[in-house]
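Below you'll find the structure, written out as structure tokens, and then a few comments.
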Amino acid sequence: MAIAEPVARRALRTTSRRKTRNLERKASVAAASLFGVVTLAALLAPVLSPDNPLMPAGAPLLGPGKGGFLLGSDSIGRDVLSRVLYGMRTSWFAALGVIALGLLIGGVIGLVAGATGGWVDNVLMRITDAFLALPAPVLAIAVVAALGPSLLHTLVAVSIVWWPFYARIVRGEIRNLAARPHVEAAKLAGAGRLRIAVRHLLPGAVPAALVTASLDIGNLVLTLAGLSFLGLGQSAPAAELGADTARNLSFLLQDWWVPVMPGIGVLVLAFIGNIAGDGVRNLIEPD
Amino acid sequence: MHLAFGPAAEKTVTDPGASTSEAQAIEVASIEDLHVTFRRSGKDIAALRGVSLDIRRGEILGLVGESGSGKSVLGLALLGLLDARADVRGAVRVAGRDMAHCDQSARREVRRVHLGAVFQDPMTSLNPTMRVGRQVAEVAGSKDEAERLLGAVGIPDPASRMDAFPHELSGGLRQRVMIAMAVAGNPDLIVADEPTTALDVTVQAQVLTLLRSLRDEIGCSVLLITHDLGCAAQVADRVAVMYAGRLAELGSSAEVLARASHPYTLALLRSRLSLASDRTTSLLALPGEVPNPAAPEPGCAFAPRCDLAGPACLDAPPPPLEVRPGHLSACVVPAVEVTSRLAEVVRAAVVPHPEREPHNDDVVTLYRVQKSFRVGAGRTTRRLQALRGVNLTVGRGESVALVGESGSGKSTLLRIVAGLESFDGGKLEVAGPDCPQMVFQDAGASLTPWLTVGEIIGERLRGISRAERAAKVAQALAHVGLPAEVAKAKSAQLSGGQRQRVSLARATVVAPSILLCDEPTSALDVSLAASVINLIGGLRRELGMSVLFVTHDLSVARVVADRIAVMYLGRIVEVGDADQITSQPVHPYTQALMSAVPDMGREPVALRGEPASPLAPPAGCAFHSRCPKAIDDCGDALLDVRLTAVDRSAHHLAACIRATA
Amino acid sequence: MSALLAKRLGAIVMISIALAGVLFYLQKISPLDPVHARLGGQASASAVAAERHRLGLDRPEFTQFVDYVRGAVHGDLGDSYRTRRPVSTDLRAYLPATAELALSGLLIAMVLGVLLAFATTLRWKASSVLRPVLLLGASTPTFLLGIAGILLFYSKLHWLPATGRSSLADVPGGPTGLITVDALLHGRFDVFWDAVQHLIMPATAIALGPAVAIARVLRSSLVSDQRSDYARTARAKGLSEPAILIKHVLRNCVGAALSMTGLQVGLMFAGVLVIEQVFSWPGIGQYVAQSIPVADFPAISGVTLLLGVGYVVINTVVDLLQAVADPRIKV
Ligand SMILES: Nc1ncnc2c1ncn2[C@@H]1O[C@H](COP(=O)(O)OP(=O)(O)OP(=O)(O)O)[C@@H](O)[C@H]1O
Ligand code: SF4
Ligand code: SF4
Ligand SMILES: [Mg+2]
């Protein structure tokens, strides 16, 4: 037929881009894989810890390196390193849990609002905005105060104030995508609402949500540590980073390592989280 | 055998008999063997590959080329604004400085004193948070001078516009502000990169006329960068045609038009649509794709698409040589031979359209269709009247073009027919069984980025087996001239032309009764547009579809459509056979559109003003604020101009109380 | 402008009422019974009933809510279980210290954020070192910054004090309660300087994280606007790079930086509560810390309401500033 003109003389462009730019990419992959490394380490914390974090293992208040305590011992002779490792494990899983819950709730609400539009969008976003208009950590304090202090309650409280952020991001992405002609083209091709939402909208919002989530882990580690510092976490003997610093503040001037080491644990975790988050962002949104 | 083509040689060519010192006074800028290479994601992009060009004092030089041919890079090189990471060889001399290599402060000085610039999109090119008066005064030196300039570029009531922010001005006024900044301080040279591309047709003509009159007034030179040969030829004194980072042809406008010598220029002229294009045969499309700057051809870059290409073309890029005094062409085949040999090729390629049997049933009927949108929120809500009562029919197998400026409501009408938009009043009938299909202006955006072409096309084929579906997809791709492997690609891996073909394949894999086209060629290069138009015409005849084709370009409408409907502010103001409309338009607006179509060797005729706002359509005949024929009655609020028959022909209707041919 | 203002004021009221509703509901689902919290476990049944009646707990829930909101508007936030004083009286005593700390922190965060953004955008010499330092700064918990500061500047160098707001006995009691401001109003520069010394460490500790966040946002919008079309136009006019940055780009970028500042205020409040513990700062953080272990819900909900309304007000101011900076925002 005459319509079939010879077009593809230079057929499809090959994606040989991948070969180049490898150094930056490798660095980003390495950074992003820190998420896996830390999660693995957190799982293995019981194996990695030299001592039981709850039991005295030697003389109290020994400095770092003394008496076999790499990071020293606390006021009743417990190994600070073990307590920090266990604390980091708790922090990490707590942060992951809140992020996962936030992504799930925020993602669903954002998708429904963005894909449906109209009054559904309006109502859902008003609710989301009301939550966003309040200072999240302060609200979390009130929730925990009402429910009574416990780690679970803190996580519930933080999740309640954390999802609106994701709902906003996902909804924004979905609205942008929904305005693209490809959605109308799919409509004309006979795709139904659900199919459009799941196949033509959702995949486009995943990268932005993932980037946001991975950049958010550091923040969350810090926020949870702050709440724990204020006493909104596990109760006394349990190893928890913020609380361990708060309870041992009085030792600061003589036995600095007791309050400082847990703080450094938070720092390390948040720093790794931020580096890994940057890595994920560079992988998903190069430049 | 080919001599390197240096600047000295060109001077003697362009100004026979002029001494070197005189020649220096004559040019305001000279580019000598300029090479520019970018590095992007590890690949070398050869944007310019040896260009030598002089810009003479007081001339308008039109620089024409397809996207990626390097014309913007050339303009930025003149301004000394190339990315610092670009690799630049050769020289760009402006006011005694080499803008490619001298230090930043010297470049700044040259830009400040000797150069002016106008860029494509005046919305993004003006600072959105600074009052336009201040932006102009920044170059003009004082507020008074700024105000004088705003007046000089034709901005009505400049004193009150000084305090406006860019978003408070219309597109045409914004571009005038850009021009005021460019001419401030009487520069020697203005670099205008596609200054009219983002504007409406009638406003385009105004801006081109303005540029020319300013040149006449202050005697500066203008480098007019454009992708439209017609637009360049219309206002420029000389035209330079670029292809793949090199000069293909250079000469005076008249000379290049009348005696084009390079096969690429000839192909552009042939595939370019004008009001004189032959409607009875398919268009002479340029085959192939625009060249890939990451993989330049070793020989003539045009060779893969050239009908005359031979072994001699593949060794080295041919240098521009003089074919007549002042007229250069970069082709190994002698100019005389080019024209005669191409004429034969062309004769062989012409395919006449088969006769179409007359239609008698209608596929789409619109009766007094109205549509308004709510804009703004709360107390500032206003109604934007997009359609104000539209009557139109499209017959089975017929092709109808909707023509109008932006905001006239043509896309809204199309989307209502597609069922993508509801309407407020009137009646719409679309013949079944299946819903209309549509191709969009931005083909890339109409393909879901993360799905493969096969999945996208296959979406219309549900309820059949995988193998059957794959076979049908391959067949549809073959129909639009794409190999079956394309089914595995995602849209980002395709070129612009390929994407538009894929969206046509999706629309026709199951033939719809009507195909809706929303400016499907306006984002494509001239050489690709013709082949897409041919393809749409071919599919339509083969599949017996009707076509409703939206375009702002009457010359495109003329070749794609049997009938043309012209829209202004939500109403059809004239409708009739394509030939009638384009040869004897009766409505003053259609007449204005016709004269605004940029064409070679014709003065642009500018309609005054810009399209009125659909938020507040003028009373009476909505066109009366701009109409050259308007009389007092036209603005009467009680006047309701209806479409009425012209010359008792049921086919040709116009809505004007003074409609006469 | 006035329309926007009215709208934003309306929003403040709506959100404050919504917050009051949330707090009221939290009180209802809380397993702690307010009557028991007040009277202790052994109170007689009649005493409990009388107290229920006094607190209005025997009335319909909606009426209770309306009363609660009405009370809050008039400054009645209920009585603290712990101090037995009205919460509003307690807050009035603690608020000035916290306000002084938070406002100084905000100021430092904004100034530092803008400086860091410019340093990294203009590629000053130190800026390549700056990026990892910024990342580290953004990853450090407030309390660690605080105690590290105490160890270094107090314990080791003896440069700065580690506790309280002032070490002088005769601090003038002024109209605002902010020692720095009051000292200036009374012309007491010695008091002012002393107060500033006390403020430096805690304020910087809470400001560092927000400063980095502001700097990042501002930097990325400066960098992307430097590549924008209008910056190219300014370049074509012959303007120099610093002139382009300051005259053209900056105003287009303040919006992004401002909205980030608004967001960071919420995190900063949490930082204030924490850092007050570290520096024994006599502010709301102390009050919260003492209230949490005894589950003094009225106290905590009072604090939440106060900080929540403060946050909303600050963000409204931020929105209005954005509208001033960007003429495209419809007012
Ligand atoms: N800053 C840059 N970095 C990398 N590549 C660039 C840059 N600027 C231009 N290019 C590339 O150089 C080539 C020539 O670009 P140029 O913009 O001059 O084309 P053009 O003729 O103006 O096209 P259009 O009609 O699309 O404006 C293109 O392949 C383009 O992608
Ligand atoms: S040099 Fe050869 S390929 Fe190039 S335009 Fe001339 S004939 Fe065609
Ligand atoms: S009715 Fe009047 S204003 Fe309208 S087009 Fe005709 S002459 Fe012009
Ligand atoms: Mg260009």
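By order in the structure tokens, chains are A, B, ...; within a chain, residues start at 1; ligands start at 1, following the order shown.
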Residue hits in chain C, query chain A, radius 8 Å, only C-alpha atoms, as a tab-separated table (two decimals) with all heavy atoms, in the first residue's frame:
```
chain	number	residue	atom	x	y	z
C	15	ILE	N	-9.00	26.06	61.17
C	15	ILE	CA	-8.01	25.05	61.54
C	15	ILE	C	-7.87	24.98	63.06
C	15	ILE	O	-7.74	23.89	63.63
C	15	ILE	CB	-6.67	25.34	60.86
C	15	ILE	CG1	-6.83	25.09	59.35
C	15	ILE	CG2	-5.57	24.48	61.41
C	15	ILE	CD1	-5.64	25.47	58.53
C	18	ALA	N	-10.67	22.99	64.27
C	18	ALA	CA	-10.46	21.58	63.95
C	18	ALA	C	-9.47	20.96	64.95
C	18	ALA	O	-9.67	19.85	65.45
C	18	ALA	CB	-9.93	21.44	62.53
C	19	LEU	N	-8.42	21.72	65.26
C	19	LEU	CA	-7.43	21.21	66.20
C	19	LEU	C	-8.07	21.01	67.58
C	19	LEU	O	-7.86	19.99	68.24
C	19	LEU	CB	-6.25	22.20	66.29
C	19	LEU	CG	-5.13	21.82	67.26
C	19	LEU	CD1	-4.58	20.46	66.91
C	19	LEU	CD2	-4.03	22.86	67.23
C	23	LEU	N	-8.28	17.56	69.75
C	23	LEU	CA	-7.83	17.44	71.12
C	23	LEU	C	-8.97	16.99	72.04
C	23	LEU	O	-8.79	16.15	72.92
C	23	LEU	CB	-7.25	18.78	71.61
C	23	LEU	CG	-5.96	19.17	70.91
C	23	LEU	CD1	-5.54	20.58	71.27
C	23	LEU	CD2	-4.85	18.18	71.27
C	26	LEU	N	-9.44	13.38	71.51
C	26	LEU	CA	-8.37	12.61	72.14
C	26	LEU	C	-8.64	12.45	73.63
C	26	LEU	O	-8.45	11.38	74.21
C	26	LEU	CB	-7.03	13.32	71.94
C	26	LEU	CG	-6.37	13.13	70.58
C	26	LEU	CD1	-5.10	13.97	70.49
C	26	LEU	CD2	-6.03	11.66	70.36
C	27	GLN	N	-9.10	13.53	74.25
C	27	GLN	CA	-9.43	13.47	75.67
C	27	GLN	C	-10.49	12.40	75.93
C	27	GLN	O	-10.42	11.63	76.88
C	27	GLN	CB	-9.94	14.86	76.10
C	27	GLN	CG	-10.71	14.87	77.38
C	27	GLN	CD	-9.78	14.87	78.58
C	27	GLN	OE1	-9.17	15.88	78.89
C	27	GLN	NE2	-9.65	13.73	79.24
C	29	ILE	N	-11.16	9.67	74.07
C	29	ILE	CA	-10.74	8.27	73.92
C	29	ILE	C	-9.62	7.91	74.89
C	29	ILE	O	-9.24	6.76	75.01
C	29	ILE	CB	-10.27	7.95	72.49
C	29	ILE	CG1	-9.06	8.82	72.12
C	29	ILE	CG2	-11.39	8.13	71.49
C	29	ILE	CD1	-8.37	8.33	70.87
C	30	SER	N	-9.10	8.90	75.58
C	30	SER	CA	-8.02	8.61	76.50
C	30	SER	C	-8.50	7.70	77.62
C	30	SER	O	-9.59	7.90	78.18
C	30	SER	CB	-7.52	9.93	77.09
C	30	SER	OG	-6.68	9.64	78.18
C	31	PRO	N	-7.73	6.65	77.95
C	31	PRO	CA	-8.14	5.73	79.03
C	31	PRO	C	-8.10	6.41	80.40
C	31	PRO	O	-8.64	5.90	81.36
C	31	PRO	CB	-7.12	4.60	78.94
C	31	PRO	CG	-5.96	5.18	78.22
C	31	PRO	CD	-6.48	6.26	77.32
C	32	LEU	N	-7.48	7.58	80.48
C	32	LEU	CA	-7.39	8.27	81.76
C	32	LEU	C	-8.67	9.04	82.02
C	32	LEU	O	-9.09	9.85	81.21
C	32	LEU	CB	-6.24	9.27	81.73
C	32	LEU	CG	-4.85	8.68	81.95
C	32	LEU	CD1	-3.81	9.69	81.54
C	32	LEU	CD2	-4.70	8.26	83.39
C	135	LEU	N	25.04	17.97	54.88
C	135	LEU	CA	24.34	16.70	55.03
C	135	LEU	C	24.48	16.21	56.47
C	135	LEU	O	23.53	15.72	57.08
C	135	LEU	CB	24.94	15.68	54.05
C	135	LEU	CG	24.07	14.46	53.77
C	135	LEU	CD1	22.76	14.89	53.15
C	135	LEU	CD2	24.80	13.49	52.85
C	136	LEU	N	25.68	16.37	57.00
C	136	LEU	CA	25.92	15.96	58.37
C	136	LEU	C	25.07	16.79	59.32
C	136	LEU	O	24.44	16.28	60.25
C	136	LEU	CB	27.41	16.15	58.70
C	136	LEU	CG	27.99	15.23	59.76
C	136	LEU	CD1	27.89	13.79	59.31
C	136	LEU	CD2	29.43	15.60	60.05
C	138	ALA	N	22.30	18.19	58.73
C	138	ALA	CA	20.89	17.81	58.62
C	138	ALA	C	20.62	16.48	59.28
C	138	ALA	O	19.48	16.11	59.48
C	138	ALA	CB	20.49	17.76	57.15
C	139	SER	N	21.65	15.72	59.59
C	139	SER	CA	21.45	14.39	60.17
C	139	SER	C	21.68	14.36	61.67
C	139	SER	O	21.60	13.30	62.28
C	139	SER	CB	22.42	13.38	59.52
C	139	SER	OG	22.36	13.47	58.13
C	140	THR	N	22.01	15.49	62.26
C	140	THR	CA	22.33	15.48	63.68
C	140	THR	C	21.09	15.81	64.51
C	140	THR	O	20.44	16.81	64.26
C	140	THR	CB	23.42	16.53	63.98
C	140	THR	OG1	24.44	16.38	63.01
C	140	THR	CG2	23.99	16.32	65.35
C	141	PRO	N	20.78	14.97	65.49
C	141	PRO	CA	19.62	15.28	66.33
C	141	PRO	C	19.90	16.53	67.16
C	141	PRO	O	21.03	16.77	67.57
C	141	PRO	CB	19.46	14.05	67.21
C	141	PRO	CG	20.78	13.35	67.17
C	141	PRO	CD	21.41	13.69	65.87
C	142	THR	N	18.85	17.30	67.41
C	142	THR	CA	19.00	18.56	68.14
C	142	THR	C	19.70	18.37	69.48
C	142	THR	O	20.58	19.15	69.84
C	142	THR	CB	17.61	19.15	68.42
C	142	THR	OG1	16.77	18.83	67.33
C	142	THR	CG2	17.66	20.62	68.60
C	143	PHE	N	19.30	17.31	70.18
C	143	PHE	CA	19.87	17.17	71.53
C	143	PHE	C	21.36	16.87	71.47
C	143	PHE	O	22.13	17.30	72.33
C	143	PHE	CB	19.12	16.12	72.36
C	143	PHE	CG	19.05	14.75	71.78
C	143	PHE	CD1	20.12	13.88	71.88
C	143	PHE	CD2	17.89	14.31	71.15
C	143	PHE	CE1	20.04	12.60	71.37
C	143	PHE	CE2	17.81	13.03	70.64
C	143	PHE	CZ	18.88	12.18	70.72
C	144	LEU	N	21.80	16.19	70.41
C	144	LEU	CA	23.23	15.92	70.30
C	144	LEU	C	23.99	17.22	70.04
C	144	LEU	O	25.06	17.47	70.61
C	144	LEU	CB	23.51	14.90	69.20
C	144	LEU	CG	24.97	14.47	69.09
C	144	LEU	CD1	25.44	13.80	70.37
C	144	LEU	CD2	25.19	13.54	67.91
C	147	ILE	N	24.22	18.98	73.41
C	147	ILE	CA	25.19	18.49	74.41
C	147	ILE	C	26.61	18.59	73.88
C	147	ILE	O	27.54	18.86	74.64
C	147	ILE	CB	24.85	17.07	74.91
C	147	ILE	CG1	24.82	16.05	73.80
C	147	ILE	CG2	23.55	17.05	75.66
C	147	ILE	CD1	24.45	14.65	74.29
C	148	ALA	N	26.77	18.46	72.57
C	148	ALA	CA	28.11	18.65	72.04
C	148	ALA	C	28.54	20.09	72.26
C	148	ALA	O	29.69	20.37	72.61
C	148	ALA	CB	28.14	18.29	70.55
C	151	LEU	N	29.57	20.53	75.87
C	151	LEU	CA	30.89	19.95	76.14
C	151	LEU	C	32.00	20.84	75.60
C	151	LEU	O	33.01	21.06	76.26
C	151	LEU	CB	31.00	18.56	75.51
C	151	LEU	CG	30.23	17.45	76.23
C	151	LEU	CD1	30.34	16.13	75.48
C	151	LEU	CD2	30.76	17.29	77.66
C	155	SER	N	32.07	23.41	78.81
C	155	SER	CA	32.93	22.61	79.65
C	155	SER	C	34.40	22.81	79.30
C	155	SER	O	35.25	22.92	80.16
C	155	SER	CB	32.51	21.15	79.50
C	155	SER	OG	33.37	20.32	80.20
C	265	VAL	N	9.03	25.31	60.64
C	265	VAL	CA	8.65	25.83	61.95
C	265	VAL	C	8.07	24.71	62.82
C	265	VAL	O	8.35	24.62	64.01
C	265	VAL	CB	7.66	26.99	61.80
C	265	VAL	CG1	7.05	27.36	63.13
C	265	VAL	CG2	8.37	28.19	61.21
C	266	GLY	N	7.30	23.82	62.19
C	266	GLY	CA	6.71	22.70	62.94
C	266	GLY	C	7.77	21.83	63.58
C	266	GLY	O	7.68	21.45	64.75
C	267	LEU	N	8.81	21.51	62.76
C	267	LEU	CA	9.88	20.67	63.29
C	267	LEU	C	10.67	21.42	64.36
C	267	LEU	O	11.15	20.84	65.33
C	267	LEU	CB	10.83	20.25	62.17
C	267	LEU	CG	10.20	19.34	61.12
C	267	LEU	CD1	11.19	19.03	60.03
C	267	LEU	CD2	9.73	18.05	61.79
C	269	PHE	N	9.49	23.54	66.51
C	269	PHE	CA	8.80	23.49	67.79
C	269	PHE	C	9.22	22.26	68.56
C	269	PHE	O	9.48	22.31	69.76
C	269	PHE	CB	7.28	23.47	67.58
C	269	PHE	CG	6.71	24.82	67.24
C	269	PHE	CD1	5.42	24.94	66.77
C	269	PHE	CD2	7.46	25.96	67.41
C	269	PHE	CE1	4.88	26.18	66.46
C	269	PHE	CE2	6.95	27.21	67.10
C	269	PHE	CZ	5.65	27.31	66.63
C	270	ALA	N	9.27	21.11	67.85
C	270	ALA	CA	9.70	19.90	68.52
C	270	ALA	C	11.12	20.07	69.04
C	270	ALA	O	11.45	19.66	70.17
C	270	ALA	CB	9.62	18.71	67.56
C	271	GLY	N	11.97	20.71	68.21
C	271	GLY	CA	13.35	20.96	68.63
C	271	GLY	C	13.40	21.82	69.88
C	271	GLY	O	14.20	21.56	70.79
C	273	LEU	N	11.16	22.04	72.28
C	273	LEU	CA	10.77	21.26	73.45
C	273	LEU	C	11.94	20.42	73.93
C	273	LEU	O	12.18	20.28	75.13
C	273	LEU	CB	9.57	20.36	73.11
C	273	LEU	CG	8.30	21.08	72.68
C	273	LEU	CD1	7.17	20.08	72.49
C	273	LEU	CD2	7.89	22.12	73.71
C	274	VAL	N	12.68	19.84	72.97
C	274	VAL	CA	13.80	18.99	73.34
C	274	VAL	C	14.95	19.80	73.93
C	274	VAL	O	15.50	19.48	74.98
C	274	VAL	CB	14.27	18.19	72.10
C	274	VAL	CG1	15.63	17.56	72.36
C	274	VAL	CG2	13.24	17.13	71.75
C	278	VAL	N	17.78	20.14	77.52
C	278	VAL	CA	19.23	20.08	77.54
C	278	VAL	C	19.81	21.30	78.24
C	278	VAL	O	20.76	21.20	79.00
C	278	VAL	CB	19.77	19.98	76.10
C	278	VAL	CG1	21.29	20.01	76.10
C	278	VAL	CG2	19.25	18.70	75.43
C	289	ALA	N	7.69	18.31	79.57
C	289	ALA	CA	8.46	17.18	80.08
C	289	ALA	C	7.95	16.74	81.45
C	289	ALA	O	7.91	15.56	81.76
C	289	ALA	CB	9.93	17.55	80.16
C	292	ILE	N	4.31	14.95	80.81
C	292	ILE	CA	4.19	13.67	80.13
C	292	ILE	C	4.20	12.48	81.10
C	292	ILE	O	3.30	11.63	81.04
C	292	ILE	CB	5.29	13.51	79.06
C	292	ILE	CG1	4.95	14.42	77.86
C	292	ILE	CG2	5.39	12.06	78.59
C	292	ILE	CD1	6.02	14.43	76.81
C	293	PRO	N	5.15	12.38	82.02
C	293	PRO	CA	5.18	11.18	82.87
C	293	PRO	C	3.93	11.01	83.72
C	293	PRO	O	3.53	9.89	84.02
C	293	PRO	CB	6.40	11.41	83.76
C	293	PRO	CG	7.20	12.47	83.11
C	293	PRO	CD	6.26	13.29	82.31
C	295	ALA	N	0.96	12.02	82.75
C	295	ALA	CA	-0.19	12.03	81.85
C	295	ALA	C	-1.14	13.18	82.14
C	295	ALA	O	-2.34	13.01	82.27
C	295	ALA	CB	-0.93	10.70	81.90
C	296	ASP	N	-0.56	14.37	82.26
C	296	ASP	CA	-1.36	15.57	82.53
C	296	ASP	C	-1.95	16.07	81.22
C	296	ASP	O	-1.41	16.97	80.58
C	296	ASP	CB	-0.44	16.61	83.18
C	296	ASP	CG	-1.22	17.83	83.64
C	296	ASP	OD1	-2.42	17.94	83.30
C	296	ASP	OD2	-0.61	18.67	84.33
C	297	PHE	N	-3.06	15.46	80.81
C	297	PHE	CA	-3.55	15.75	79.48
C	297	PHE	C	-3.97	17.20	79.25
C	297	PHE	O	-3.65	17.78	78.22
C	297	PHE	CB	-4.69	14.80	79.09
C	297	PHE	CG	-5.04	14.94	77.64
C	297	PHE	CD1	-4.22	14.36	76.67
C	297	PHE	CD2	-6.14	15.67	77.24
C	297	PHE	CE1	-4.50	14.52	75.34
C	297	PHE	CE2	-6.42	15.82	75.90
C	297	PHE	CZ	-5.61	15.24	74.95
C	300	ILE	N	-0.93	19.17	78.38
C	300	ILE	CA	-0.36	18.90	77.06
C	300	ILE	C	-1.27	19.38	75.94
C	300	ILE	O	-0.81	19.93	74.94
C	300	ILE	CB	-0.06	17.39	76.93
C	300	ILE	CG1	1.14	17.09	77.85
C	300	ILE	CG2	0.26	17.02	75.50
C	300	ILE	CD1	1.48	15.65	77.94
C	301	SER	N	-2.57	19.23	76.14
C	301	SER	CA	-3.44	19.68	75.06
C	301	SER	C	-3.44	21.20	74.99
C	301	SER	O	-3.53	21.78	73.90
C	301	SER	CB	-4.85	19.11	75.20
C	301	SER	OG	-5.60	19.88	76.07
C	304	THR	N	-0.37	21.95	73.01
C	304	THR	CA	-0.59	21.61	71.61
C	304	THR	C	-1.42	22.68	70.91
C	304	THR	O	-1.11	23.11	69.80
C	304	THR	CB	-1.31	20.25	71.50
C	304	THR	OG1	-0.61	19.31	72.29
C	304	THR	CG2	-1.36	19.78	70.07
C	307	LEU	N	0.78	25.86	70.45
C	307	LEU	CA	1.79	25.73	69.40
C	307	LEU	C	1.12	25.55	68.03
C	307	LEU	O	1.60	26.08	67.02
C	307	LEU	CB	2.71	24.55	69.69
C	307	LEU	CG	3.60	24.69	70.92
C	307	LEU	CD1	4.57	23.52	71.03
C	307	LEU	CD2	4.38	25.99	70.89
C	308	GLY	N	0.01	24.81	68.00
C	308	GLY	CA	-0.69	24.61	66.73
C	308	GLY	C	-1.16	25.92	66.15
C	308	GLY	O	-0.93	26.21	64.97
C	311	TYR	N	1.73	27.89	64.92
C	311	TYR	CA	2.22	27.36	63.64
C	311	TYR	C	1.36	27.85	62.48
C	311	TYR	O	1.86	28.30	61.45
C	311	TYR	CB	2.20	25.84	63.72
C	311	TYR	CG	2.68	25.12	62.50
C	311	TYR	CD1	4.03	25.13	62.13
C	311	TYR	CD2	1.79	24.38	61.72
C	311	TYR	CE1	4.47	24.44	61.03
C	311	TYR	CE2	2.23	23.69	60.61
C	311	TYR	CZ	3.57	23.72	60.26
C	311	TYR	OH	4.00	23.04	59.17
C	312	VAL	N	0.05	27.76	62.67
C	312	VAL	CA	-0.86	28.20	61.61
C	312	VAL	C	-0.69	29.68	61.34
C	312	VAL	O	-0.65	30.13	60.18
C	312	VAL	CB	-2.32	27.87	61.99
C	312	VAL	CG1	-3.27	28.42	60.94
C	312	VAL	CG2	-2.51	26.38	62.12
```
Interface, chain B side, toward chain A (9 Å; only C-alpha atoms) as an MDAnalysis selection string: chainID B and resid 41:43 287:289 304 418:420 435:440 442:451 456:457 459:461 478:483 485:486 489 493:495 497:498 503 506:507 531 534:539
Distance filter 8 Å around ligand 2, atoms: only C-alpha atoms and all ligand atoms, out as a ChimeraX atom specification: /B:262-264,299-310,312-314,317-318,330-333,338
Contacts of range 238-250 of chain C at 8 Å (only C-alpha atoms; same-chain gap of 5+ positions) as a ChimeraX atom specification: /B:105,107-112,127,130 /C:222,225-226,231
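The binding environment of ligand 3, defined as every protein, DNA or RNA residue with an atom no more than 8 Å away and counting only C-alpha atoms and all ligand atoms, comprises His587, Pro588, Tyr589, Gly620, Cys621, Ala622, Phe623, His624, Ser625, Arg626, Cys627, Pro628, Lys629, Ala630, Ile631, Asp633, Cys634, Gly635, Val641, Ala655, Cys656, Ile657, Arg658 and Ala659 of chain B.
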Contact residues (chain C, partner chain B, 6 Å, only C-alpha atoms) as number ranges by chain: C: 229-230, 236-238, 326
Restricting it to C-alpha atoms, dump the selection as an mmCIF file, in the first residue's frame.
```cif
data_model
loop_
_atom_site.group_PDB
_atom_site.id
_atom_site.type_symbol
_atom_site.label_atom_id
_atom_site.label_comp_id
_atom_site.auth_asym_id
_atom_site.auth_seq_id
_atom_site.Cartn_x
_atom_site.Cartn_y
_atom_site.Cartn_z
ATOM 1 C CA ASP C 229 14.751 31.834 29.952
ATOM 2 C CA TYR C 230 14.355 35.110 31.767
ATOM 3 C CA ALA C 236 21.580 39.026 26.770
ATOM 4 C CA LYS C 237 21.039 42.536 28.106
ATOM 5 C CA GLY C 238 24.620 42.475 29.340
ATOM 6 C CA ASP C 326 5.099 36.977 43.519
#
```
Nearby residues, ligand 4, 10 Å, only C-alpha atoms and all ligand atoms, as a PyMOL selection string: chain B and resi 65-76+119-120+193-194+225-227
